[in-house]
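Structure below is protein_9.txt: compact mmCIF, C-alpha atoms (C1' of nucleotides).
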```txt
# COMPACT_ATOMS: atom_id res chain seq x y z
CA MET M 1 184.00 132.27 34.98
CA SER M 2 184.84 134.69 37.73
CA ARG M 3 183.63 135.94 41.07
CA PRO M 4 181.28 133.35 42.51
CA SER M 5 177.89 134.67 43.50
CA GLN M 6 177.34 135.44 47.14
CA ALA M 7 173.63 135.90 46.65
CA HIS M 8 172.80 132.99 48.89
CA GLU M 9 174.80 134.32 51.76
CA GLN M 10 173.53 137.82 51.35
CA ARG M 11 169.97 136.57 51.29
CA ARG M 12 170.65 134.89 54.57
CA ASN M 13 172.20 138.02 56.02
CA LEU M 14 169.44 140.34 54.96
CA LEU M 15 166.49 138.09 55.70
CA PRO M 16 166.29 138.90 59.43
CA ILE M 17 166.20 142.61 58.63
CA VAL M 18 163.57 142.08 55.97
CA CYS M 19 161.61 139.99 58.40
CA GLN M 20 161.83 142.56 61.14
CA THR M 21 160.68 145.29 58.78
CA PHE M 22 157.57 143.39 57.79
CA ARG M 23 156.92 142.72 61.46
CA ASP M 24 157.23 146.41 62.27
CA LEU M 25 155.24 147.80 59.41
CA GLY M 26 153.12 145.06 57.90
CA TYR M 27 153.03 144.47 54.18
CA ARG M 28 151.33 147.60 52.98
CA ARG M 29 153.51 150.12 54.74
CA THR M 30 156.70 148.24 54.06
CA THR M 31 157.99 149.80 50.87
CA THR M 32 160.87 148.38 48.92
CA ALA M 33 162.66 151.67 49.50
CA GLU M 34 162.33 151.25 53.27
CA LEU M 35 163.51 147.66 53.06
CA ALA M 36 166.57 148.77 51.15
CA ARG M 37 167.25 151.60 53.59
CA ARG M 38 167.17 149.29 56.58
CA CYS M 39 169.31 146.74 54.82
CA GLY M 40 171.81 149.41 53.92
CA VAL M 41 171.63 148.66 50.23
CA ARG M 42 169.83 149.97 47.14
CA VAL M 43 166.52 148.70 46.00
CA ASN M 44 167.72 146.94 42.91
CA ILE M 45 170.03 144.82 45.01
CA LEU M 46 167.01 143.42 46.77
CA TYR M 47 165.58 142.69 43.34
CA ARG M 48 168.65 140.66 42.52
CA LEU M 49 168.07 138.53 45.61
CA TRP M 50 164.32 138.07 45.24
CA PRO M 51 162.15 138.37 42.14
CA ASP M 52 159.68 140.77 43.73
CA LYS M 53 158.34 142.18 46.96
CA LYS M 54 155.99 139.30 47.47
CA ALA M 55 158.89 136.85 47.38
CA MET M 56 160.61 138.87 50.10
CA PHE M 57 157.48 138.62 52.16
CA LEU M 58 157.11 134.90 51.63
CA ALA M 59 160.71 134.39 52.62
CA ALA M 60 159.97 136.34 55.78
CA ILE M 61 157.02 134.12 56.67
CA ASP M 62 159.11 131.05 56.23
CA ASP M 63 161.86 132.48 58.37
CA ILE M 64 159.37 133.25 61.09
CA PHE M 65 158.24 129.67 61.29
CA GLN M 66 161.73 128.25 61.10
CA SER M 67 163.12 130.39 63.89
CA ARG M 68 160.18 129.63 66.13
CA ALA M 69 160.44 125.92 65.48
CA GLU M 70 164.12 126.03 66.28
CA LYS M 71 163.44 127.84 69.52
CA TRP M 72 161.03 125.11 70.47
CA ARG M 73 163.46 122.36 69.66
CA GLU M 74 166.20 123.78 71.81
CA LEU M 75 163.63 124.35 74.52
CA MET M 76 162.61 120.71 74.49
CA ALA M 77 166.06 119.27 73.97
CA ASP M 78 167.08 118.82 77.57
CA LEU M 79 163.79 117.37 78.76
CA SER M 80 163.36 113.63 78.75
CA ASP M 81 160.16 113.41 80.79
CA PRO M 82 157.36 113.80 78.22
CA ALA M 83 154.87 115.16 80.73
CA ARG M 84 157.14 118.04 81.59
CA ARG M 85 157.49 118.94 77.95
CA VAL M 86 153.91 120.00 77.65
CA GLU M 87 154.32 121.81 80.86
CA ARG M 88 157.30 123.80 79.75
CA LEU M 89 156.02 124.41 76.26
CA ILE M 90 152.87 125.98 77.60
CA ALA M 91 154.70 127.93 80.26
CA TYR M 92 157.08 129.27 77.67
CA GLU M 93 154.41 130.24 75.18
CA THR M 94 152.40 131.75 78.00
CA GLN M 95 155.17 134.08 79.01
CA HIS M 96 157.21 134.87 75.94
CA GLN M 97 154.42 135.33 73.50
CA SER M 98 154.55 139.07 73.36
CA GLU M 99 158.17 138.98 72.23
CA PHE M 100 157.37 137.51 68.89
CA GLY M 101 155.66 140.24 66.94
CA TYR M 102 155.04 137.60 64.35
CA TYR M 103 151.30 137.71 64.41
CA ARG M 104 151.33 140.81 62.26
CA VAL M 105 153.04 139.12 59.38
CA ILE M 106 150.78 136.12 59.59
CA PHE M 107 147.67 138.23 59.69
CA THR M 108 148.77 140.21 56.70
CA ALA M 109 149.30 137.00 54.84
CA LEU M 110 145.92 135.65 55.91
CA ALA M 111 144.30 138.70 54.43
CA GLU M 112 145.83 137.83 51.06
CA THR M 113 144.87 134.21 50.73
CA ASP M 114 143.64 134.74 47.21
CA ASP M 115 147.21 134.65 46.11
CA ASP M 116 148.27 131.10 45.40
CA GLU M 117 151.82 131.32 46.66
CA MET M 118 150.64 133.07 49.78
CA ARG M 119 148.16 130.28 50.39
CA LYS M 120 150.74 127.58 49.83
CA THR M 121 153.23 129.14 52.20
CA LEU M 122 150.60 129.57 54.88
CA ILE M 123 149.26 126.07 54.46
CA GLN M 124 152.70 124.62 54.75
CA MET M 125 153.41 126.71 57.80
CA TYR M 126 150.25 125.74 59.63
CA ARG M 127 150.65 122.07 58.77
CA GLN M 128 154.18 122.00 60.11
CA PHE M 129 153.18 123.97 63.14
CA HIS M 130 150.33 121.63 63.92
CA LYS M 131 152.56 118.62 63.48
CA LEU M 132 155.09 120.09 65.84
CA VAL M 133 152.48 120.73 68.50
CA VAL M 134 151.05 117.25 68.13
CA GLN M 135 154.50 115.75 68.59
CA GLN M 136 155.07 117.70 71.74
CA ILE M 137 151.77 117.04 73.42
CA SER M 138 151.24 113.45 72.34
CA THR M 139 154.22 112.28 74.35
CA GLY M 140 152.57 113.45 77.53
CA ARG M 141 149.20 112.17 76.54
CA GLU M 142 148.59 109.82 79.39
CA ILE M 143 148.17 112.67 81.83
CA HIS M 144 144.88 113.82 80.36
CA PRO M 145 142.97 110.84 79.05
CA ASN M 146 139.56 112.52 78.99
CA GLY M 147 140.49 115.54 76.91
CA PRO M 148 139.92 115.98 73.18
CA PRO M 149 141.93 113.89 70.69
CA VAL M 150 145.53 115.00 70.38
CA SER M 151 145.13 116.48 66.92
CA ASP M 152 142.12 118.50 67.98
CA ALA M 153 143.81 119.67 71.14
CA ALA M 154 146.73 120.85 69.02
CA TRP M 155 144.46 122.98 66.86
CA GLY M 156 142.88 124.29 70.01
CA LEU M 157 146.28 125.31 71.30
CA ILE M 158 147.15 127.06 68.06
CA GLY M 159 143.87 128.93 68.30
CA LEU M 160 144.67 129.80 71.88
CA ALA M 161 148.08 131.11 70.87
CA THR M 162 146.45 133.17 68.15
CA ILE M 163 143.88 134.86 70.34
CA SER M 164 146.53 135.29 72.97
CA ASN M 165 148.65 137.24 70.53
CA ILE M 166 145.66 139.37 69.67
CA ILE M 167 145.00 139.99 73.35
CA VAL M 168 148.56 141.12 73.86
CA GLU M 169 148.54 143.35 70.85
CA LEU M 170 145.27 145.05 71.75
CA ASN M 171 145.93 145.08 75.47
CA LEU M 172 142.64 143.33 76.11
CA LEU M 173 143.97 141.77 79.29
CA GLY M 174 146.80 142.57 81.66
CA PRO M 175 149.83 140.29 81.44
CA ARG M 176 148.92 138.42 84.60
CA GLN M 177 145.35 137.83 83.54
CA ARG M 178 146.44 136.74 80.12
CA GLU M 179 148.88 134.23 81.52
CA GLN M 180 146.23 132.80 83.76
CA MET M 181 143.79 132.61 80.92
CA PHE M 182 146.30 130.86 78.71
CA ALA M 183 147.17 128.38 81.43
CA ALA M 184 143.54 127.65 82.29
CA VAL M 185 142.49 127.04 78.70
CA ALA M 186 145.61 125.05 77.88
CA LYS M 187 145.04 122.95 80.94
CA SER M 188 141.54 122.01 79.90
CA LEU M 189 142.93 121.03 76.49
CA VAL M 190 146.00 119.00 77.29
CA GLY M 191 146.24 118.25 80.94
CA ASP M 192 146.37 119.32 84.51
CA ARG M 193 150.06 119.39 85.21
CA VAL M 194 150.45 123.09 84.52
CA MET T 1 117.00 175.79 53.40
CA SER T 2 116.15 173.06 50.95
CA ARG T 3 116.55 169.40 50.31
CA PRO T 4 117.39 167.68 53.58
CA SER T 5 120.49 165.55 53.51
CA GLN T 6 120.04 161.84 53.01
CA ALA T 7 123.65 161.09 53.74
CA HIS T 8 122.75 159.04 56.78
CA GLU T 9 120.39 156.84 54.89
CA GLN T 10 122.73 156.42 51.97
CA ARG T 11 125.54 155.45 54.26
CA ARG T 12 123.29 152.76 55.64
CA ASN T 13 122.36 151.58 52.17
CA LEU T 14 125.88 151.42 50.86
CA LEU T 15 127.58 149.98 53.92
CA PRO T 16 126.73 146.33 53.18
CA ILE T 17 128.22 146.67 49.73
CA VAL T 18 131.31 148.37 51.08
CA CYS T 19 131.59 145.65 53.68
CA GLN T 20 131.24 142.89 51.13
CA THR T 21 133.89 144.46 48.95
CA PHE T 22 136.42 144.57 51.74
CA ARG T 23 135.54 140.98 52.54
CA ASP T 24 136.11 139.94 48.95
CA LEU T 25 139.28 141.84 48.29
CA GLY T 26 140.87 142.85 51.58
CA TYR T 27 142.03 146.37 52.21
CA ARG T 28 144.90 146.68 49.79
CA ARG T 29 143.11 145.44 46.71
CA THR T 30 139.92 147.29 47.46
CA THR T 31 140.34 150.53 45.58
CA THR T 32 138.01 153.45 46.02
CA ALA T 33 137.20 153.14 42.33
CA GLU T 34 136.09 149.55 42.83
CA LEU T 35 134.03 150.51 45.85
CA ALA T 36 132.30 153.19 43.82
CA ARG T 37 131.73 150.83 40.92
CA ARG T 38 130.07 148.23 43.11
CA CYS T 39 128.01 150.86 44.86
CA GLY T 40 126.87 152.22 41.53
CA VAL T 41 128.09 155.72 42.30
CA ARG T 42 131.11 157.89 41.64
CA VAL T 43 134.08 158.00 43.93
CA ASN T 44 133.53 161.51 45.21
CA ILE T 45 130.14 160.50 46.49
CA LEU T 46 131.80 158.01 48.77
CA TYR T 47 134.03 160.82 49.93
CA ARG T 48 130.98 162.83 50.87
CA LEU T 49 129.78 159.97 53.05
CA TRP T 50 133.09 159.12 54.71
CA PRO T 51 136.19 161.29 55.16
CA ASP T 52 138.56 158.73 53.67
CA LYS T 53 139.07 155.11 52.76
CA LYS T 54 140.10 154.17 56.24
CA ALA T 55 136.79 155.44 57.61
CA MET T 56 134.96 153.25 55.12
CA PHE T 57 136.95 150.31 56.34
CA LEU T 58 136.31 151.06 60.00
CA ALA T 59 132.62 151.35 59.29
CA ALA T 60 132.78 147.94 57.66
CA ILE T 61 134.42 146.36 60.69
CA ASP T 62 131.75 147.73 62.92
CA ASP T 63 129.04 146.47 60.62
CA ILE T 64 130.57 143.02 60.67
CA PHE T 65 130.32 142.79 64.40
CA GLN T 66 126.83 144.24 64.58
CA SER T 67 125.36 141.89 62.02
CA ARG T 68 126.96 138.89 63.65
CA ALA T 69 125.77 139.90 67.10
CA GLU T 70 122.27 140.32 65.74
CA LYS T 71 122.38 136.89 64.17
CA TRP T 72 123.30 135.46 67.53
CA ARG T 73 120.55 137.25 69.32
CA GLU T 74 117.85 136.00 67.01
CA LEU T 75 119.39 132.56 67.24
CA MET T 76 119.14 132.58 71.03
CA ALA T 77 115.81 134.32 71.27
CA ASP T 78 113.55 131.27 71.24
CA LEU T 79 115.58 129.21 73.67
CA SER T 80 114.77 129.41 77.33
CA ASP T 81 116.83 126.50 78.56
CA PRO T 82 120.28 127.97 79.20
CA ALA T 83 122.08 124.69 78.71
CA ARG T 84 120.75 124.36 75.20
CA ARG T 85 121.97 127.83 74.34
CA VAL T 86 125.58 126.85 74.55
CA GLU T 87 124.73 123.78 72.60
CA ARG T 88 123.08 125.64 69.79
CA LEU T 89 125.59 128.45 69.72
CA ILE T 90 128.43 126.04 69.25
CA ALA T 91 126.55 123.95 66.74
CA TYR T 92 125.73 127.04 64.75
CA GLU T 93 129.25 128.42 64.76
CA THR T 94 130.56 124.99 63.95
CA GLN T 95 128.50 124.70 60.83
CA HIS T 96 128.02 128.18 59.46
CA GLN T 97 131.46 129.50 60.01
CA SER T 98 132.57 129.36 56.45
CA GLU T 99 129.71 131.60 55.37
CA PHE T 100 131.08 134.62 57.11
CA GLY T 101 134.10 135.69 55.14
CA TYR T 102 134.66 138.14 57.89
CA TYR T 103 137.98 136.86 59.05
CA ARG T 104 139.68 138.60 56.14
CA VAL T 105 138.61 142.03 57.22
CA ILE T 106 139.57 141.37 60.80
CA PHE T 107 142.98 140.07 59.84
CA THR T 108 143.63 143.05 57.67
CA ALA T 109 142.77 145.30 60.57
CA LEU T 110 144.95 143.32 62.94
CA ALA T 111 147.88 143.89 60.64
CA GLU T 112 147.39 147.64 60.99
CA THR T 113 147.17 148.00 64.74
CA ASP T 114 149.63 150.87 64.72
CA ASP T 115 146.82 153.07 63.62
CA ASP T 116 144.98 154.41 66.63
CA GLU T 117 141.49 154.37 65.21
CA MET T 118 142.03 150.88 63.90
CA ARG T 119 143.13 149.76 67.35
CA LYS T 120 140.17 151.38 69.03
CA THR T 121 137.67 149.82 66.69
CA LEU T 122 139.22 146.39 67.11
CA ILE T 123 139.42 146.68 70.88
CA GLN T 124 135.80 147.66 71.08
CA MET T 125 134.81 144.81 68.81
CA TYR T 126 136.70 142.15 70.73
CA ARG T 127 135.44 143.46 74.09
CA GLN T 128 131.83 143.33 72.94
CA PHE T 129 132.35 139.95 71.37
CA HIS T 130 133.86 138.52 74.49
CA LYS T 131 131.06 139.94 76.60
CA LEU T 132 128.50 138.39 74.31
CA VAL T 133 130.12 134.98 74.53
CA VAL T 134 130.40 135.21 78.29
CA GLN T 135 126.72 136.01 78.55
CA GLN T 136 125.78 133.04 76.45
CA ILE T 137 127.92 130.44 78.15
CA SER T 138 127.59 131.63 81.73
CA THR T 139 123.90 130.81 81.79
CA GLY T 140 124.66 127.17 81.13
CA ARG T 141 127.56 127.12 83.51
CA GLU T 142 126.41 124.44 85.87
CA ILE T 143 126.86 121.75 83.27
CA HIS T 144 130.65 121.97 83.33
CA PRO T 145 131.82 122.88 86.80
CA ASN T 146 135.41 121.70 86.38
CA GLY T 147 136.25 123.68 83.28
CA PRO T 148 138.15 126.98 83.13
CA PRO T 149 136.53 130.17 84.46
CA VAL T 150 133.81 131.51 82.23
CA SER T 151 135.79 134.50 81.03
CA ASP T 152 138.77 132.34 80.12
CA ALA T 153 136.57 129.81 78.39
CA ALA T 154 135.08 132.62 76.34
CA TRP T 155 138.51 133.73 75.14
CA GLY T 156 139.25 130.14 74.38
CA LEU T 157 136.14 129.91 72.25
CA ILE T 158 137.02 133.07 70.39
CA GLY T 159 140.46 131.62 69.72
CA LEU T 160 138.83 128.42 68.56
CA ALA T 161 136.57 130.34 66.20
CA THR T 162 139.59 132.19 64.86
CA ILE T 163 141.68 129.14 64.09
CA SER T 164 138.58 127.47 62.75
CA ASN T 165 138.16 130.29 60.24
CA ILE T 166 141.78 129.92 59.26
CA ILE T 167 141.32 126.18 58.82
CA VAL T 168 138.35 126.75 56.54
CA GLU T 169 140.13 129.35 54.51
CA LEU T 170 143.26 127.29 53.99
CA ASN T 171 141.43 123.99 53.67
CA LEU T 172 143.56 122.50 56.41
CA LEU T 173 140.81 120.09 57.36
CA GLY T 174 137.78 118.70 55.63
CA PRO T 175 134.42 120.08 56.76
CA ARG T 176 133.58 116.98 58.75
CA GLN T 177 136.90 116.91 60.54
CA ARG T 178 136.73 120.59 61.26
CA GLU T 179 133.29 120.28 62.78
CA GLN T 180 134.41 117.43 64.97
CA MET T 181 137.48 119.35 66.02
CA PHE T 182 135.42 122.41 66.87
CA ALA T 183 132.94 120.34 68.88
CA ALA T 184 135.64 118.46 70.76
CA VAL T 185 137.58 121.55 71.74
CA ALA T 186 134.45 123.51 72.59
CA LYS T 187 133.25 120.64 74.70
CA SER T 188 136.39 120.60 76.78
CA LEU T 189 135.98 124.34 77.29
CA VAL T 190 132.34 124.77 78.15
CA GLY T 191 130.67 121.47 78.71
CA ASP T 192 129.74 118.03 77.59
CA ARG T 193 126.26 118.51 76.25
CA VAL T 194 127.40 118.93 72.69
C1' DA H 1 108.42 180.17 41.01
C1' DT H 2 112.87 180.37 42.88
C1' DG H 3 116.74 180.32 45.80
C1' DT H 4 119.52 177.01 47.97
C1' DA H 5 121.78 173.08 49.25
C1' DA H 6 122.32 168.49 48.17
C1' DA H 7 123.20 164.74 44.55
C1' DG H 8 125.51 163.52 40.47
C1' DT H 9 129.13 163.79 36.50
C1' DA H 10 133.59 163.82 34.73
C1' DA H 11 137.98 164.85 34.61
C1' DG H 12 142.22 165.64 36.70
C1' DT H 13 146.13 165.83 40.06
C1' DA H 14 149.71 164.78 42.84
C1' DA H 15 152.09 161.56 45.13
C1' DC H 16 153.57 157.08 45.91
C1' DT H 17 155.86 152.90 44.88
C1' DG H 18 157.15 148.49 42.69
C1' DT H 19 160.26 147.66 39.26
C1' DT H 20 163.79 148.44 35.66
C1' DT H 21 167.75 150.14 33.21
C1' DA H 22 172.15 151.96 32.10
C1' DC H 23 176.50 152.38 33.72
C1' DA H 24 180.71 152.23 36.87
C1' DA H 25 183.48 149.56 40.13
C1' DT H 26 185.31 145.41 41.85
C1' DA H 27 186.80 140.93 42.67
C1' DT H 28 187.83 136.25 41.06
C1' DC H 29 189.49 132.58 37.90
C1' DC H 30 192.38 131.45 34.12
C1' DG N 1 196.88 140.74 33.47
C1' DG N 2 192.69 140.34 31.22
C1' DA N 3 188.19 138.46 30.58
C1' DT N 4 183.98 138.01 32.86
C1' DA N 5 180.47 137.97 35.92
C1' DT N 6 179.08 139.93 40.23
C1' DT N 7 178.32 144.02 43.11
C1' DG N 8 177.19 148.86 43.69
C1' DT N 9 175.21 153.63 42.23
C1' DA N 10 171.85 156.56 40.53
C1' DA N 11 168.20 157.82 38.10
C1' DA N 12 163.97 157.14 35.99
C1' DC N 13 159.74 154.89 34.43
C1' DA N 14 155.21 153.45 34.43
C1' DG N 15 151.23 152.23 36.53
C1' DT N 16 148.26 152.79 40.31
C1' DT N 17 145.32 155.16 43.40
C1' DA N 18 143.60 158.07 47.11
C1' DC N 19 141.58 162.18 46.86
C1' DT N 20 139.96 166.80 44.72
C1' DT N 21 137.80 170.23 41.90
C1' DA N 22 134.82 172.47 38.84
C1' DC N 23 130.67 172.03 37.05
C1' DT N 24 125.67 170.49 36.08
C1' DT N 25 121.41 168.71 37.62
C1' DT N 26 117.94 167.73 40.92
C1' DA N 27 114.68 168.32 44.61
C1' DC N 28 112.85 170.56 48.46
C1' DA N 29 111.24 174.86 51.45
C1' DT N 30 109.32 179.05 51.35
```
Just give me the structure of the file as structure tokens.
Amino acid sequence: MSRPSQAHEQRRNLLPIVCQTFRDLGYRRTTTAELARRCGVRVNILYRLWPDKKAMFLAAIDDIFQSRAEKWRELMADLSDPARRVERLIAYETQHQSEFGYYRVIFTALAETDDDEMRKTLIQMYRQFHKLVVQQISTGREIHPNGPPVSDAAWGLIGLATISNIIVELNLLGPRQREQMFAAVAKSLVGDRV
Amino acid sequence: MSRPSQAHEQRRNLLPIVCQTFRDLGYRRTTTAELARRCGVRVNILYRLWPDKKAMFLAAIDDIFQSRAEKWRELMADLSDPARRVERLIAYETQHQSEFGYYRVIFTALAETDDDEMRKTLIQMYRQFHKLVVQQISTGREIHPNGPPVSDAAWGLIGLATISNIIVELNLLGPRQREQMFAAVAKSLVGDRV
DNA sequence: ATGTAAAGTAAGTAACTGTTTACAATATCC
DNA sequence: GGATATTGTAAACAGTTACTTACTTTACAT
């Protein structure tokens, strides 16, 4: 044997660029040539790291979820009071939403749910996402006893985040209005301490 | 002159088929050849009716909104009691959501918001949609005085409908659970009479 | 009837793009 | 140092697909 493969590491290095490209261009307009150009390599090198373009895309989706989940975790880490967690989570999502351009990738994937792998990846992502939200809001449950069940409220919040992303993207509301809207709806779902 | 053009009429005849095709296959996998095949014509005939494939797609988006809005109108027509309108609207959306496969077209479009025409069409659609929802729920406002402002609640409902479509598509919840979730979240947004 | 413009047929084109292949260079382990 | 497997380069292939063109047929107005 000789020269141990660095494929793993290179995958890790290139993934953010791949991810960003899909975010910028969506699936259709992201060509393998463009991916290679941005990564500073040749196309066939990408094909040594992933079997095909779809795999690159799926890897990107996964990365999107992971990085967001991590962001959340570090956001919640220093808060012991459960009630304030909900508070901060919503405040954070309310304000920083436009930074993630992630919606585009997700929407592209949702338009291709015929594909089995695409479905699986999406299902996994949404399940994890929902679980994460439930964890965060259930700890502060006592503050809003009359609202919908925790699990339902979590789905409501994910829906709210989704439409909120759409609103940002299409400029349907000004930033201030959108923030107020998000806060008002979130409040009616999970509590009043916002 | 001779033989007056029937382009207008033919566009109207073919549009539902075009729309259905995009719903079935999404944008990428809907080829002009397939469109022509399903329409029972040759490709170049489609190109006499619309300038390009994108125009066909935009026409489909518009048709989606129009047909849905019409459905709503006829659904509301025979109800005079405003409070029951909200009730029925939510019940209807709760149950018949899976029938519309419309989400796929919308998601495809949302992934292509760089395109100006695509943006415009989407913006128009969401504005009209929001307006429609506001109209319907504002009449029954008195039943839920402590909820979020009507406009915000409407966005919340649209978000709820969106995630609900995603849940159906990905089978994230069983039908019963999904209906309960929809009802619970909708209730906390617009009122208790559900 | 007939000229004219629309509707229909069939084939083709030109470009794109995901994917592969053949080969050279390089680094690691023995 | 040499064998070997990984990395890099460059070109090309093969299939798809949006869109066009050249032509024939049809139907309407006068």
Find the nearest atom pair between each residue of chain M and chain T for residues within 9 Å, count only C-alpha atoms, give distances in Å to one decimal, sort rows by chain and ascending number, and present the table as JSON lines.
```
{"residue": "M:Leu25", "atom": "CA", "partner": "T:Glu112", "partner_atom": "CA", "distance": 8.0}
{"residue": "M:Gly26", "atom": "CA", "partner": "T:Ala111", "partner_atom": "CA", "distance": 6.0}
{"residue": "M:Tyr27", "atom": "CA", "partner": "T:Ala111", "partner_atom": "CA", "distance": 8.3}
{"residue": "M:Arg28", "atom": "CA", "partner": "T:Arg28", "partner_atom": "CA", "distance": 7.2}
{"residue": "M:Tyr103", "atom": "CA", "partner": "T:Ala111", "partner_atom": "CA", "distance": 8.0}
{"residue": "M:Arg104", "atom": "CA", "partner": "T:Ala111", "partner_atom": "CA", "distance": 4.9}
{"residue": "M:Val105", "atom": "CA", "partner": "T:Ala111", "partner_atom": "CA", "distance": 7.1}
{"residue": "M:Ile106", "atom": "CA", "partner": "T:Ala111", "partner_atom": "CA", "distance": 8.4}
{"residue": "M:Phe107", "atom": "CA", "partner": "T:Phe107", "partner_atom": "CA", "distance": 5.0}
{"residue": "M:Thr108", "atom": "CA", "partner": "T:Ala111", "partner_atom": "CA", "distance": 5.5}
{"residue": "M:Ala109", "atom": "CA", "partner": "T:Phe107", "partner_atom": "CA", "distance": 8.6}
{"residue": "M:Leu110", "atom": "CA", "partner": "T:Phe107", "partner_atom": "CA", "distance": 6.6}
{"residue": "M:Ala111", "atom": "CA", "partner": "T:Arg104", "partner_atom": "CA", "distance": 4.9}
{"residue": "M:Glu112", "atom": "CA", "partner": "T:Gly26", "partner_atom": "CA", "distance": 7.1}
{"residue": "M:Thr113", "atom": "CA", "partner": "T:Glu169", "partner_atom": "CA", "distance": 7.8}
{"residue": "M:Asp114", "atom": "CA", "partner": "T:Leu25", "partner_atom": "CA", "distance": 8.4}
{"residue": "M:Arg119", "atom": "CA", "partner": "T:Leu170", "partner_atom": "CA", "distance": 6.8}
{"residue": "M:Lys120", "atom": "CA", "partner": "T:Leu170", "partner_atom": "CA", "distance": 8.6}
{"residue": "M:Leu122", "atom": "CA", "partner": "T:Leu170", "partner_atom": "CA", "distance": 7.7}
{"residue": "M:Ile123", "atom": "CA", "partner": "T:Leu170", "partner_atom": "CA", "distance": 6.1}
{"residue": "M:Tyr126", "atom": "CA", "partner": "T:Leu172", "partner_atom": "CA", "distance": 8.1}
{"residue": "M:Arg127", "atom": "CA", "partner": "T:Leu172", "partner_atom": "CA", "distance": 7.5}
{"residue": "M:Asn146", "atom": "CA", "partner": "T:Ser188", "partner_atom": "CA", "distance": 9.0}
{"residue": "M:Gly147", "atom": "CA", "partner": "T:Ser188", "partner_atom": "CA", "distance": 6.5}
{"residue": "M:Pro148", "atom": "CA", "partner": "T:Ala184", "partner_atom": "CA", "distance": 5.5}
{"residue": "M:Pro149", "atom": "CA", "partner": "T:Ala184", "partner_atom": "CA", "distance": 7.8}
{"residue": "M:Ser151", "atom": "CA", "partner": "T:Met181", "partner_atom": "CA", "distance": 8.2}
{"residue": "M:Asp152", "atom": "CA", "partner": "T:Met181", "partner_atom": "CA", "distance": 5.1}
{"residue": "M:Ala153", "atom": "CA", "partner": "T:Val185", "partner_atom": "CA", "distance": 6.5}
{"residue": "M:Trp155", "atom": "CA", "partner": "T:Ile163", "partner_atom": "CA", "distance": 7.3}
{"residue": "M:Gly156", "atom": "CA", "partner": "T:Leu160", "partner_atom": "CA", "distance": 6.0}
{"residue": "M:Leu157", "atom": "CA", "partner": "T:Leu160", "partner_atom": "CA", "distance": 8.5}
{"residue": "M:Ile158", "atom": "CA", "partner": "T:Ile163", "partner_atom": "CA", "distance": 7.1}
{"residue": "M:Gly159", "atom": "CA", "partner": "T:Gly159", "partner_atom": "CA", "distance": 4.6}
{"residue": "M:Leu160", "atom": "CA", "partner": "T:Gly159", "partner_atom": "CA", "distance": 5.1}
{"residue": "M:Ala161", "atom": "CA", "partner": "T:Gly159", "partner_atom": "CA", "distance": 7.7}
{"residue": "M:Thr162", "atom": "CA", "partner": "T:Gly159", "partner_atom": "CA", "distance": 6.4}
{"residue": "M:Ile163", "atom": "CA", "partner": "T:Gly159", "partner_atom": "CA", "distance": 4.8}
{"residue": "M:Ser164", "atom": "CA", "partner": "T:Gly159", "partner_atom": "CA", "distance": 7.8}
{"residue": "M:Ile166", "atom": "CA", "partner": "T:Leu110", "partner_atom": "CA", "distance": 7.8}
{"residue": "M:Ile167", "atom": "CA", "partner": "T:Tyr126", "partner_atom": "CA", "distance": 9.0}
{"residue": "M:Glu169", "atom": "CA", "partner": "T:Thr113", "partner_atom": "CA", "distance": 7.8}
{"residue": "M:Leu170", "atom": "CA", "partner": "T:Ile123", "partner_atom": "CA", "distance": 6.1}
{"residue": "M:Asn171", "atom": "CA", "partner": "T:Ile123", "partner_atom": "CA", "distance": 8.1}
{"residue": "M:Leu172", "atom": "CA", "partner": "T:Ile123", "partner_atom": "CA", "distance": 7.0}
{"residue": "M:Arg178", "atom": "CA", "partner": "T:Asp152", "partner_atom": "CA", "distance": 8.8}
{"residue": "M:Gln180", "atom": "CA", "partner": "T:Asp152", "partner_atom": "CA", "distance": 8.3}
{"residue": "M:Met181", "atom": "CA", "partner": "T:Asp152", "partner_atom": "CA", "distance": 5.1}
{"residue": "M:Phe182", "atom": "CA", "partner": "T:Asp152", "partner_atom": "CA", "distance": 7.8}
{"residue": "M:Ala184", "atom": "CA", "partner": "T:Pro148", "partner_atom": "CA", "distance": 5.5}
{"residue": "M:Val185", "atom": "CA", "partner": "T:Pro148", "partner_atom": "CA", "distance": 6.2}
{"residue": "M:Ala186", "atom": "CA", "partner": "T:Gly156", "partner_atom": "CA", "distance": 8.9}
{"residue": "M:Lys187", "atom": "CA", "partner": "T:Pro148", "partner_atom": "CA", "distance": 8.3}
{"residue": "M:Ser188", "atom": "CA", "partner": "T:Ser188", "partner_atom": "CA", "distance": 6.2}
{"residue": "M:Leu189", "atom": "CA", "partner": "T:Ser188", "partner_atom": "CA", "distance": 6.6}
```
Hey, list the chain N side of the contact with chain M: 7 Å cut-off, only C-alpha atoms (C1' of nucleotides), answer as a tab-separated table (two decimals) with C-alpha atoms (C1' of nucleotides), in the coordinates of the input.
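out-v9.tsv, written as the output of this step:
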```tsv
chain	number	residue	atom	x	y	z
N	4	DT	C1'	183.98	138.01	32.86
N	5	DA	C1'	180.47	137.97	35.92
N	6	DT	C1'	179.08	139.93	40.23
```
* Please identify every residue of chain H that has at least one atom no more than 7 Å from any atom of chain M, counting all atoms listed in the file, and report them as a PyMOL selection string. => chain H and resi 27-29
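Atom pair CA of Tyr102 in chain T / CA of Gln128 in chain M: separated by 25.4 Å.
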* Test item: residues at most 12 Å from DG15 in chain N, all atoms listed in the file, excluding those fewer than 4 positions along its chain, as a PyMOL selection string -> chain H and resi 16-19
